[in-house]
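Chemist: Following this line is entry.cif, made up of mmCIF, C-alpha atoms and all ligand atoms:
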```cif
data_run
loop_
_atom_site.label_atom_id
_atom_site.label_comp_id
_atom_site.auth_asym_id
_atom_site.auth_seq_id
_atom_site.Cartn_x
_atom_site.Cartn_y
_atom_site.Cartn_z
CA MET H 1 30.22 11.65 10.46
CA PHE H 2 26.74 10.73 9.26
CA LYS H 3 25.34 11.66 12.64
CA LYS H 4 26.92 15.08 12.35
CA LEU H 5 25.52 15.63 8.91
CA PHE H 6 22.09 14.63 10.04
CA GLY H 7 22.31 16.92 13.06
CA LYS H 8 22.96 19.85 10.79
CA LYS H 9 19.99 18.98 8.62
CA ALA H 10 17.66 18.49 11.55
CA GLN H 11 18.36 22.01 12.77
CA THR H 12 17.51 23.61 9.48
CA ASN H 13 14.35 21.54 9.14
CA THR H 14 12.63 22.51 12.39
CA VAL H 15 9.53 24.00 10.82
CA GLU H 16 8.94 21.05 8.61
CA ASP H 17 9.66 18.69 11.51
CA ASN H 18 7.08 20.39 13.70
CA ALA H 19 4.52 20.13 10.96
CA ASN H 20 5.10 16.44 10.70
CA GLU H 21 3.08 14.36 13.15
CA ASP H 22 5.63 11.55 12.97
CA SER H 23 8.63 13.83 13.33
CA ALA H 24 10.21 12.27 16.39
CA ASN H 25 10.00 8.77 14.99
CA ILE H 26 11.26 9.84 11.65
CA ALA H 27 14.16 11.70 13.18
CA ASP H 28 15.04 8.57 15.13
CA GLU H 29 14.72 6.51 11.99
CA ALA H 30 16.96 8.83 10.04
CA THR H 31 19.58 8.96 12.79
CA LEU H 32 19.43 5.20 12.93
CA ALA H 33 19.65 5.05 9.16
CA ALA H 34 22.77 7.20 9.24
CA ASP H 35 24.28 5.12 12.04
CA ASN H 36 23.45 1.92 10.24
CA ALA H 37 24.93 3.29 7.05
CA ALA H 38 28.18 3.96 8.87
CA ASP H 39 28.22 0.41 10.23
CA GLN H 40 27.29 -1.31 7.02
CA ASN H 41 30.36 -0.77 4.85
CA ILE H 42 28.39 1.05 2.23
CA GLU H 43 30.62 1.28 -0.80
CA PRO H 44 30.51 3.11 -4.09
CA SER H 45 31.77 1.03 -7.00
CA THR H 46 33.77 2.58 -9.76
CA PRO H 47 32.37 2.50 -13.27
CA ALA H 48 34.07 0.36 -15.91
CA THR H 49 34.56 1.24 -19.56
CA ASP H 50 32.14 3.39 -21.53
CA LEU H 51 29.37 1.12 -22.80
CA ALA H 52 26.54 3.66 -23.00
CA VAL H 53 24.06 3.00 -25.76
CA PRO H 54 22.58 5.62 -28.07
CA GLU H 55 18.79 5.97 -28.34
CA PRO H 56 17.38 3.64 -31.05
CA SER H 57 15.82 5.52 -33.97
CA LYS H 58 12.02 5.87 -33.90
CA LYS H 59 11.67 3.59 -36.93
CA THR H 60 13.85 0.83 -35.51
CA TRP H 61 12.07 1.04 -32.20
CA PHE H 62 8.62 0.81 -33.86
CA LYS H 63 9.72 -2.32 -35.69
CA ARG H 64 10.89 -3.89 -32.45
CA LEU H 65 7.77 -2.77 -30.62
CA THR H 66 5.51 -4.35 -33.25
CA GLN H 67 7.52 -7.56 -33.03
CA GLY H 68 7.21 -7.49 -29.26
CA LEU H 69 3.48 -6.87 -29.38
CA SER H 70 2.82 -9.31 -32.22
CA LYS H 71 1.00 -11.80 -29.99
CA SER H 72 -1.29 -9.14 -28.55
CA ASN H 73 -1.81 -7.74 -32.04
CA SER H 74 -2.64 -11.04 -33.74
CA ASN H 75 -5.13 -12.03 -31.05
CA LEU H 76 -6.95 -8.75 -31.43
CA VAL H 77 -6.80 -8.45 -35.21
CA SER H 78 -7.63 -12.08 -36.00
CA GLY H 79 -10.36 -12.09 -33.35
CA ILE H 80 -12.01 -9.06 -34.92
CA GLY H 81 -11.62 -10.59 -38.39
CA ASN H 82 -13.31 -13.79 -37.26
CA ILE H 83 -16.34 -12.06 -35.77
CA PHE H 84 -17.10 -9.50 -38.40
CA THR H 85 -16.81 -11.41 -41.64
CA LYS H 86 -20.05 -10.57 -43.42
CA LYS H 87 -21.89 -9.99 -40.22
CA LYS H 88 -24.19 -7.30 -38.96
CA LEU H 89 -23.44 -5.43 -35.84
CA ASP H 90 -25.94 -6.78 -33.36
CA ASP H 91 -25.98 -7.75 -29.69
CA GLU H 92 -24.28 -11.05 -30.39
CA THR H 93 -21.37 -9.63 -32.39
CA LEU H 94 -20.97 -6.74 -29.94
CA GLU H 95 -20.72 -9.18 -27.07
CA ALA H 96 -18.18 -11.30 -28.95
CA LEU H 97 -16.12 -8.17 -29.61
CA GLU H 98 -16.24 -7.17 -25.95
CA ASP H 99 -14.99 -10.65 -25.03
CA ILE H 100 -11.99 -10.34 -27.33
CA LEU H 101 -11.11 -6.93 -25.95
CA ILE H 102 -11.39 -8.17 -22.37
CA GLN H 103 -9.30 -11.25 -23.16
CA ALA H 104 -6.63 -8.93 -24.55
CA ASP H 105 -6.66 -7.27 -21.09
CA LEU H 106 -7.86 -3.92 -22.41
CA GLY H 107 -10.26 -3.78 -19.46
CA THR H 108 -14.05 -3.82 -19.25
CA GLN H 109 -14.27 -0.03 -19.27
CA THR H 110 -12.46 0.23 -22.61
CA ALA H 111 -14.34 -2.74 -24.05
CA MET H 112 -17.71 -1.18 -23.16
CA LYS H 113 -16.68 2.22 -24.46
CA ILE H 114 -15.67 0.78 -27.82
CA SER H 115 -18.78 -1.34 -28.21
CA GLU H 116 -21.02 1.61 -27.27
CA ALA H 117 -19.27 3.87 -29.78
CA LEU H 118 -19.76 1.23 -32.46
CA ALA H 119 -23.38 0.58 -31.60
CA LYS H 120 -24.15 4.29 -31.82
CA THR H 121 -23.01 4.61 -35.41
CA SER H 122 -23.43 1.18 -36.92
CA TYR H 123 -26.02 -0.93 -35.09
CA ASP H 124 -27.82 -3.33 -37.46
CA LYS H 125 -25.47 -2.46 -40.31
CA GLU H 126 -22.98 -4.74 -41.97
CA ILE H 127 -19.56 -3.74 -40.79
CA GLU H 128 -16.07 -4.56 -42.01
CA PRO H 129 -13.31 -5.72 -39.63
CA GLU H 130 -11.23 -2.83 -40.96
CA GLN H 131 -13.71 -0.28 -39.54
CA ILE H 132 -13.63 -1.96 -36.15
CA ARG H 133 -9.85 -2.01 -36.17
CA GLN H 134 -9.70 1.68 -37.01
CA LEU H 135 -12.11 2.58 -34.27
CA LEU H 136 -10.14 0.48 -31.82
CA ASN H 137 -6.96 2.26 -32.87
CA GLN H 138 -8.59 5.66 -32.32
CA GLU H 139 -10.01 4.75 -28.92
CA ILE H 140 -6.71 3.33 -27.69
CA THR H 141 -4.79 6.37 -28.95
CA GLN H 142 -7.27 8.63 -27.17
CA ILE H 143 -6.91 6.79 -23.87
CA LEU H 144 -3.12 6.62 -24.04
CA THR H 145 -2.29 10.11 -25.29
CA PRO H 146 -2.86 11.94 -21.97
CA VAL H 147 -0.66 9.48 -20.03
CA ALA H 148 2.24 9.31 -22.48
CA LYS H 149 4.52 11.72 -20.65
CA PRO H 150 8.29 11.60 -20.74
CA LEU H 151 10.15 11.54 -17.45
CA ILE H 152 11.46 15.07 -17.15
CA ILE H 153 14.46 15.47 -14.89
CA ASP H 154 14.43 18.89 -13.27
CA THR H 155 18.05 19.92 -13.66
CA LYS H 156 17.69 22.51 -10.89
CA ILE H 157 17.36 19.64 -8.42
CA LYS H 158 20.60 17.89 -7.60
CA PRO H 159 20.61 15.00 -7.09
CA TYR H 160 17.27 14.29 -8.73
CA ILE H 161 16.20 11.23 -6.77
CA ILE H 162 14.23 8.46 -8.45
CA LEU H 163 12.87 5.58 -6.39
CA MET H 164 11.99 2.37 -8.22
CA THR H 165 9.29 0.15 -6.78
CA GLY H 166 7.27 -2.87 -7.76
CA VAL H 167 6.57 -6.52 -7.10
CA ASN H 168 9.19 -9.28 -7.33
CA GLY H 169 10.58 -9.78 -10.80
CA ALA H 170 8.70 -6.86 -12.38
CA GLY H 171 11.89 -5.56 -13.98
CA LYS H 172 12.98 -2.80 -11.56
CA THR H 173 16.71 -3.54 -11.58
CA THR H 174 16.83 -4.09 -15.33
CA THR H 175 14.90 -0.87 -15.95
CA ILE H 176 17.26 1.08 -13.69
CA GLY H 177 20.19 -0.22 -15.76
CA LYS H 178 18.49 0.76 -19.00
CA MET H 179 17.50 4.20 -17.68
CA ALA H 180 20.99 4.81 -16.32
CA ALA H 181 22.46 4.21 -19.77
CA LYS H 182 19.97 6.62 -21.35
CA LEU H 183 20.49 9.38 -18.81
CA GLN H 184 24.22 8.95 -18.95
CA ALA H 185 24.16 9.14 -22.77
CA GLU H 186 22.29 12.46 -22.37
CA GLY H 187 25.31 13.76 -20.49
CA LYS H 188 23.91 13.47 -16.97
CA LYS H 189 25.98 12.27 -14.04
CA VAL H 190 24.14 9.20 -12.79
CA MET H 191 24.53 7.10 -9.64
CA LEU H 192 22.73 3.91 -8.64
CA ALA H 193 21.88 2.77 -5.12
CA ALA H 194 21.46 -0.96 -4.53
CA GLY H 195 18.51 -0.58 -2.18
CA ASP H 196 17.49 -4.21 -2.63
CA THR H 197 19.55 -5.26 0.36
CA PHE H 198 17.60 -8.50 0.85
CA ARG H 199 19.68 -10.61 -1.50
CA ALA H 200 23.40 -10.55 -2.33
CA ALA H 201 22.51 -11.49 -5.91
CA ALA H 202 20.42 -8.32 -6.24
CA VAL H 203 23.38 -6.14 -5.27
CA GLU H 204 25.55 -8.01 -7.73
CA GLN H 205 22.96 -7.65 -10.49
CA LEU H 206 22.77 -3.87 -10.05
CA THR H 207 26.56 -3.62 -9.92
CA ILE H 208 26.76 -5.36 -13.29
CA TRP H 209 24.19 -2.93 -14.71
CA GLY H 210 26.27 -0.09 -13.28
CA GLN H 211 29.27 -1.39 -15.20
CA ARG H 212 27.28 -1.77 -18.40
CA ALA H 213 25.91 1.75 -18.14
CA ASN H 214 29.25 3.08 -16.86
CA VAL H 215 27.86 4.66 -13.70
CA PRO H 216 28.85 4.24 -10.02
CA VAL H 217 26.78 2.02 -7.72
CA VAL H 218 26.43 2.49 -3.96
CA THR H 219 26.07 -0.85 -2.24
CA ALA H 220 25.80 -2.35 1.22
CA PRO H 221 26.16 -6.00 2.23
CA ALA H 222 23.05 -8.17 1.94
CA GLY H 223 20.90 -7.92 5.04
CA SER H 224 21.67 -4.23 5.64
CA ASP H 225 18.91 -1.73 6.20
CA ALA H 226 17.57 -0.46 2.86
CA ALA H 227 16.58 2.98 4.22
CA SER H 228 20.12 3.49 5.58
CA LEU H 229 21.57 2.64 2.21
CA ALA H 230 19.28 5.16 0.52
CA PHE H 231 20.24 7.80 3.10
CA GLU H 232 23.94 7.19 2.57
CA ALA H 233 23.62 7.09 -1.21
CA ILE H 234 22.13 10.60 -1.16
CA ASP H 235 25.15 11.83 0.83
CA GLN H 236 27.49 10.24 -1.69
CA ALA H 237 25.52 11.62 -4.64
CA ARG H 238 25.80 15.12 -3.16
CA ALA H 239 29.51 14.72 -2.51
CA GLN H 240 30.07 13.61 -6.11
CA ASN H 241 27.85 16.26 -7.65
CA ILE H 242 25.56 13.64 -9.17
CA ASP H 243 22.60 14.77 -11.32
CA VAL H 244 20.38 11.71 -11.02
CA LEU H 245 20.32 9.08 -8.28
CA LEU H 246 18.32 5.95 -9.09
CA ILE H 247 17.42 3.91 -6.00
CA ASP H 248 16.57 0.23 -6.47
CA THR H 249 14.31 -1.51 -3.96
CA ALA H 250 13.55 -5.15 -3.19
CA GLY H 251 10.52 -6.62 -4.92
CA ARG H 252 7.52 -6.82 -2.64
CA LEU H 253 4.08 -8.23 -3.12
CA GLN H 254 1.50 -5.52 -2.71
CA ASN H 255 -0.47 -7.58 -0.18
CA ARG H 256 2.46 -8.06 2.24
CA SER H 257 1.82 -5.18 4.59
CA GLU H 258 5.12 -5.39 6.52
CA LEU H 259 7.04 -5.07 3.24
CA MET H 260 4.86 -2.18 2.14
CA ASP H 261 5.56 -0.51 5.51
CA GLU H 262 9.27 -0.89 4.86
CA LEU H 263 8.82 0.93 1.57
CA GLU H 264 7.08 3.77 3.38
CA LYS H 265 10.04 3.90 5.77
CA ILE H 266 12.49 4.20 2.87
CA VAL H 267 10.48 7.17 1.57
CA ARG H 268 10.40 8.80 5.03
CA VAL H 269 14.14 8.46 5.47
CA ILE H 270 14.82 9.85 1.98
CA LYS H 271 12.67 12.85 2.94
CA LYS H 272 14.95 13.50 5.92
CA GLN H 273 17.70 14.18 3.40
CA ASP H 274 15.52 16.21 1.07
CA ALA H 275 11.91 17.00 1.96
CA THR H 276 10.99 17.23 -1.74
CA ALA H 277 12.39 13.79 -2.54
CA PRO H 278 11.89 11.27 -4.00
CA HIS H 279 11.40 13.53 -7.01
CA ALA H 280 9.99 10.62 -8.97
CA THR H 281 8.62 7.40 -7.53
CA LEU H 282 8.17 4.93 -10.33
CA LEU H 283 6.13 1.77 -10.22
CA VAL H 284 7.43 -0.93 -12.54
CA LEU H 285 4.70 -3.21 -13.86
CA ASP H 286 5.21 -6.48 -15.71
CA ALA H 287 2.75 -6.65 -18.61
CA THR H 288 2.63 -10.45 -18.48
CA THR H 289 0.93 -10.30 -15.08
CA GLY H 290 -2.20 -8.96 -16.80
CA GLN H 291 -5.00 -7.92 -14.45
CA ASN H 292 -2.80 -8.30 -11.35
CA ALA H 293 -0.89 -5.25 -12.58
CA VAL H 294 -4.09 -3.23 -12.02
CA ASN H 295 -4.16 -4.41 -8.44
CA GLN H 296 -0.47 -3.55 -7.98
CA ALA H 297 -1.01 -0.02 -9.30
CA GLN H 298 -3.92 0.41 -6.88
CA ILE H 299 -2.14 -0.79 -3.73
CA PHE H 300 1.29 0.74 -4.35
CA GLY H 301 -0.48 4.00 -5.19
CA ASP H 302 -2.46 3.88 -1.95
CA LYS H 303 0.67 3.29 0.11
CA ILE H 304 3.22 5.61 -1.44
CA ASN H 305 2.84 8.47 -3.84
CA ILE H 306 3.51 6.88 -7.24
CA SER H 307 4.42 9.58 -9.75
CA GLY H 308 4.69 7.46 -12.87
CA LEU H 309 4.78 4.01 -14.41
CA VAL H 310 7.13 1.89 -16.45
CA MET H 311 5.67 -1.17 -18.13
CA THR H 312 8.07 -3.99 -18.91
CA LYS H 313 7.93 -7.29 -20.81
CA LEU H 314 5.60 -6.05 -23.50
CA ASP H 315 7.60 -8.29 -25.81
CA GLY H 316 6.06 -11.65 -26.49
CA THR H 317 3.01 -11.24 -24.26
CA ALA H 318 -0.59 -11.51 -25.41
CA LYS H 319 -1.52 -9.11 -22.64
CA GLY H 320 -0.19 -5.83 -24.07
CA GLY H 321 -3.68 -4.37 -23.72
CA ILE H 322 -3.19 -4.13 -19.96
CA LEU H 323 -1.40 -0.84 -20.47
CA VAL H 324 -4.63 0.57 -21.91
CA ALA H 325 -6.69 -0.68 -18.95
CA ILE H 326 -4.23 0.85 -16.48
CA ALA H 327 -4.10 4.15 -18.36
CA ALA H 328 -7.90 4.34 -18.43
CA LYS H 329 -8.24 3.54 -14.74
CA PHE H 330 -5.37 5.40 -13.03
CA LYS H 331 -4.42 8.10 -15.52
CA LEU H 332 -0.85 7.96 -14.17
CA PRO H 333 1.95 9.07 -16.50
CA VAL H 334 3.58 6.20 -18.38
CA HIS H 335 7.22 7.19 -18.86
CA TYR H 336 8.85 4.17 -20.42
CA ILE H 337 8.06 0.76 -21.82
CA GLY H 338 10.39 -2.22 -21.92
CA ILE H 339 10.43 -4.80 -24.69
CA GLY H 340 13.41 -6.96 -23.85
CA GLU H 341 16.25 -7.74 -21.50
CA THR H 342 19.08 -5.75 -23.05
CA ILE H 343 20.25 -2.23 -22.32
CA ASP H 344 18.55 -0.58 -25.31
CA ASP H 345 15.20 -2.37 -24.92
CA LEU H 346 13.59 0.61 -23.20
CA ALA H 347 12.09 3.70 -24.81
CA PRO H 348 9.85 6.60 -23.84
CA PHE H 349 6.21 5.69 -24.22
CA ASP H 350 4.51 6.92 -27.39
CA ALA H 351 0.69 6.58 -27.45
CA LYS H 352 0.10 6.48 -31.21
CA GLN H 353 2.99 4.14 -31.82
CA PHE H 354 1.68 1.77 -29.17
CA ALA H 355 -1.90 1.86 -30.52
CA ASP H 356 -0.56 1.15 -34.02
CA ALA H 357 1.62 -1.73 -32.85
CA LEU H 358 -1.38 -3.22 -31.08
CA THR H 359 -3.99 -2.85 -33.83
CA GLN H 360 -2.45 -2.33 -37.26
CA THR H 361 -2.41 -5.07 -39.88
CA ASN H 362 0.49 -5.81 -42.24
CA LEU H 363 3.07 -4.30 -39.98
N1 LIG H 401 11.42 -10.06 -21.97
C1 LIG H 401 11.68 -9.11 -21.08
N2 LIG H 401 12.29 -9.41 -19.93
C2 LIG H 401 12.53 -8.42 -19.05
C3 LIG H 401 12.17 -7.07 -19.28
N3 LIG H 401 12.53 -6.34 -18.21
C4 LIG H 401 13.10 -7.21 -17.33
N4 LIG H 401 13.10 -8.46 -17.84
C5 LIG H 401 13.60 -9.70 -17.22
O1 LIG H 401 12.79 -10.00 -16.09
C6 LIG H 401 13.57 -10.62 -15.08
C7 LIG H 401 13.41 -9.86 -13.78
O2 LIG H 401 13.97 -8.57 -13.96
P1 LIG H 401 14.60 -7.75 -12.75
O3 LIG H 401 15.05 -6.45 -13.31
O4 LIG H 401 15.57 -8.57 -12.02
O5 LIG H 401 13.30 -7.53 -11.89
P2 LIG H 401 13.19 -6.90 -10.44
O6 LIG H 401 11.89 -6.20 -10.40
O7 LIG H 401 14.39 -6.12 -10.13
O8 LIG H 401 13.12 -8.24 -9.57
P3 LIG H 401 13.33 -8.40 -7.97
O9 LIG H 401 14.52 -7.58 -7.61
O10 LIG H 401 13.52 -9.86 -7.80
O11 LIG H 401 12.07 -7.92 -7.36
C8 LIG H 401 15.01 -10.64 -15.58
O12 LIG H 401 15.27 -11.89 -16.13
C9 LIG H 401 15.01 -9.57 -16.67
O13 LIG H 401 15.97 -9.80 -17.66
C10 LIG H 401 11.50 -6.77 -20.54
O14 LIG H 401 11.12 -5.63 -20.84
N5 LIG H 401 11.28 -7.83 -21.38
MG MG H 402 15.68 -6.26 -8.56
#
```
As a first step, turn the structure in this file into C-alpha cells.
Ligand SMILES: Nc1nc2c(ncn2[C@@H]2O[C@H](COP(=O)(O)OP(=O)(O)OP(=O)(O)O)[C@@H](O)[C@H]2O)c(=O)[nH]1
Ligand SMILES: [Mg+2]
Modeler:
Amino acid sequence: MFKKLFGKKAQTNTVEDNANEDSANIADEATLAADNAADQNIEPSTPATDLAVPEPSKKTWFKRLTQGLSKSNSNLVSGIGNIFTKKKLDDETLEALEDILIQADLGTQTAMKISEALAKTSYDKEIEPEQIRQLLNQEITQILTPVAKPLIIDTKIKPYIILMTGVNGAGKTTTIGKMAAKLQAEGKKVMLAAGDTFRAAAVEQLTIWGQRANVPVVTAPAGSDAASLAFEAIDQARAQNIDVLLIDTAGRLQNRSELMDELEKIVRVIKKQDATAPHATLLVLDATTGQNAVNQAQIFGDKINISGLVMTKLDGTAKGGILVAIAAKFKLPVHYIGIGETIDDLAPFDAKQFADALTQTNL
C-alpha cells in the first residue's frame, strides 16, 4: 500500500524531482522507506486519559525561571558587586568584568560589547555595581529581543511537521512531550513519531509522554529505519487529519558524520512526502553544556536547515548566559526554554523576562 501511495506522489512531483540533482537516489530511498515502514510493524498508540496541562501564568513562570537561573544570576550579580565596590572603571576592572561575563558563558562578543559601552561613558569614573547591572540587563535584552520568536504553526499546513534534533540527552524527547501538551491544550490535533529507533527505551519514553499529553504516538520496533518511520508517520497523520506531527530523532553528536548523514536522509525522505516539510526543524540545546552548545548550533546548522532553537536545563545551571552567546552569534529564533523535567516546565522564550532573571537583584 505504501508503495502505491508513493507512486502516486512521485508522478505529481516530476518537476520538483527533475530539479533535484539527487532525485533518483531520493526516490529509491523513499520507496525503500515506504517498504521498510510496511515491514516494520509501525504502530500508532492510542492516547490515555486527558492529562493536558494549562499554560502557567506569566508571574508564576517568572518566579520559576528566576529560581532556575539563580546560580547564573548570583555568579553574575555577586561578581559585579565584588569588582566595583568603590572602584574606578579602569583597564583592570574592565578586564575583571569581561572575565565574569565570559565565565557566565555570555560569550566574548557580548563581554567586549558591554565593556566597550561602559568604557565609552564612564572610563576613569567611580561606578556603582547597580549601574553595571542595569547596563548588562539592557545589553542582554537588546541581544535577545530579535530572537525571541514564538513557534507559529501555520494552520493552513496539515500536518505541520516539526522535526526535533540535537545531541544525546539534550532534552528532545522531553521537549516533544511538553510541546505536545501545549499544542493539544490549544485545541490542535497532535501526533508524535518515535523516530529515535536506535533504542527500545527511547520508543517507550516517547510513548509515556504521548500518554501524559494525551496524543497518539507512531512507533516502530527498535532497530527500524528512522526515515521509514517518519515517512509512515506522515501517512498516518494525514489519514487521521492531524494538525501537528512532532518527529523525535535519536541523539547524535555533531562530529559523528555518519549520524549527521542519517539525519539528512530523514529530512530527504520527509520531503518526498511534502516538499515544504519539515515546516520547522528545531535544534534542542542543553544549557549545561555551555560553549559546546555553540559548536552544536554551528554544525547542525551547516548540515540541515535549522529553523529555530529550544534551550533546555536552564534550571540550576550557572551557564544560563550561553543563550545570550548563541543569540548574538547565530541570530536563530529561540522558541522555547525548558526549566525542569515535568510537563509544564517549558514556556515560550521572553527576552526581557530572561534578562531580568539573569541580572536582577532581590528577585
Ligand atoms: N533539569 C532539567 N532536566 C531536563 C530538561 N529537559 C530534559 N531534561 C532531562 O534530561 C534528560 C534527557 O532528556 P531527554 O528528553 O531524554 O533527552 P533526549 O535529547 O531525547 O536524549 P536522547 O534521546 O538520549 O538523545 C532526562 O532526564 C530529562 O528529564 C530541563 O529543562 N531541565
Ligand atoms: Mg530522546
Chemist: Quick one: pull the distance between CA of Gly340 (chain H) and CA of Lys178 (chain H), Å, one decimal.
Modeler: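 Calculated distance between CA of Gly340 (chain H) and CA of Lys178 (chain H) is 10.4 Å.
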Chemist: Go through region 137-209 of chain H and flag each residue having an atom no more than 10 Å from region 103-116 of chain H; for those, report the closest pair of atoms plus their distance in Å to one decimal, using all atoms listed in the file, ordered by chain and rising number, as a Markdown table.
Modeler:
```
| residue | atom | partner | partner_atom | distance |
| --- | --- | --- | --- | --- |
| H:Gln138 | CA | H:Ile114 | CA | 9.7 |
| H:Glu139 | CA | H:Ile114 | CA | 7.0 |
| H:Ile140 | CA | H:Thr110 | CA | 8.3 |
| H:Ile143 | CA | H:Thr110 | CA | 8.7 |
```
Chemist: Go ahead and write the selection's residues with C-alpha atoms as an mmCIF file, in the frame of the given file.
Modeler:
```
data_model
loop_
_atom_site.group_PDB
_atom_site.id
_atom_site.type_symbol
_atom_site.label_atom_id
_atom_site.label_comp_id
_atom_site.auth_asym_id
_atom_site.auth_seq_id
_atom_site.Cartn_x
_atom_site.Cartn_y
_atom_site.Cartn_z
ATOM 1 C CA GLN H 138 -8.590 5.660 -32.320
ATOM 2 C CA GLU H 139 -10.010 4.750 -28.920
ATOM 3 C CA ILE H 140 -6.710 3.330 -27.690
ATOM 4 C CA ILE H 143 -6.910 6.790 -23.870
#
```
Chemist: Find the residue from H:Asp350, H:Glu262, H:Glu232, H:Asp196 that sits nearest to ligand LIG 401 (chain H); use only C-alpha atoms and all ligand atoms when measuring.
Modeler: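 The closest residue to ligand LIG 401 (chain H) is H:Asp196.
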Chemist: Counting all atoms listed in the file, which residue out of H:Phe198, H:Phe84, H:Trp61, H:Tyr160 sits closest to ligand MG 402 (chain H)?
Modeler: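 When distances to ligand MG 402 (chain H) are compared using all atoms listed in the file, the smallest one comes from H:Phe198.
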Chemist: Let me see if you get this right: every residue at most 12 Å from ligand MG 402 (chain H), counting only C-alpha atoms and all ligand atoms, written as a VMD selection string.
Modeler: chain H and resid 164 to 177 193 to 207 209 247 to 252 284
Chemist: Have a look at CA of Val294 (chain H) and CA of Ile326 (chain H) and let me know their distance in Å, one decimal.
Modeler: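 Atom-to-atom, CA of Val294 (chain H) to CA of Ile326 (chain H), that is 6.0 Å.
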Chemist: Need to verify the contact set: Pro150 (chain H), 12 Å, all atoms listed in the file, exclusion of same-chain residues closer than 3 positions in sequence. Can you return it as a list in words?
Modeler: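 Once the nearby chain positions are removed, what remains is Thr145, Pro146, Val147, Ile153, Ala280, Ser307, Gly308, Leu309, Val310, Leu332, Pro333, Val334, His335, Tyr336, Ile337, Ala347, Pro348, Phe349, Asp350 and Ala351 of chain H.
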Chemist: For CA of Asn292 (chain H) and CA of Lys149 (chain H), determine how far apart the two atoms are, in Å to one decimal place.
Modeler: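 Between CA of Asn292 (chain H) and CA of Lys149 (chain H) the gap works out to 23.3 Å.
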Chemist: So which one's closest to ligand LIG 401 (chain H), H:Arg133, H:Lys329, H:Arg64, H:Lys182? Using only C-alpha atoms and all ligand atoms, please.
Modeler: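 Closest residue, counting only C-alpha atoms and all ligand atoms: H:Arg64.
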Chemist: What's the 10 Å shell around Asn255 (chain H), counting all atoms listed in the file, without same-chain residues fewer than 6 positions away, as an MDAnalysis selection string?
Modeler: chainID H and resid 167 295:296 299:300
Chemist: So which one's closest to Ile83 (chain H), H:Asp344, H:Glu98, H:Asp302, H:Ala213? Using all atoms listed in the file, please.
Modeler: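 Going through H:Asp344, H:Glu98, H:Asp302, H:Ala213 one by one, the smallest distance to Ile83 (chain H) is for H:Glu98.
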Chemist: Pick the closest to Ile162 (chain H) from H:Asp356, H:Asp243, H:Asp315, H:Asp99: which is it, counting all atoms listed in the file?
Modeler: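 Selected residue with least distance to Ile162 (chain H): H:Asp243.
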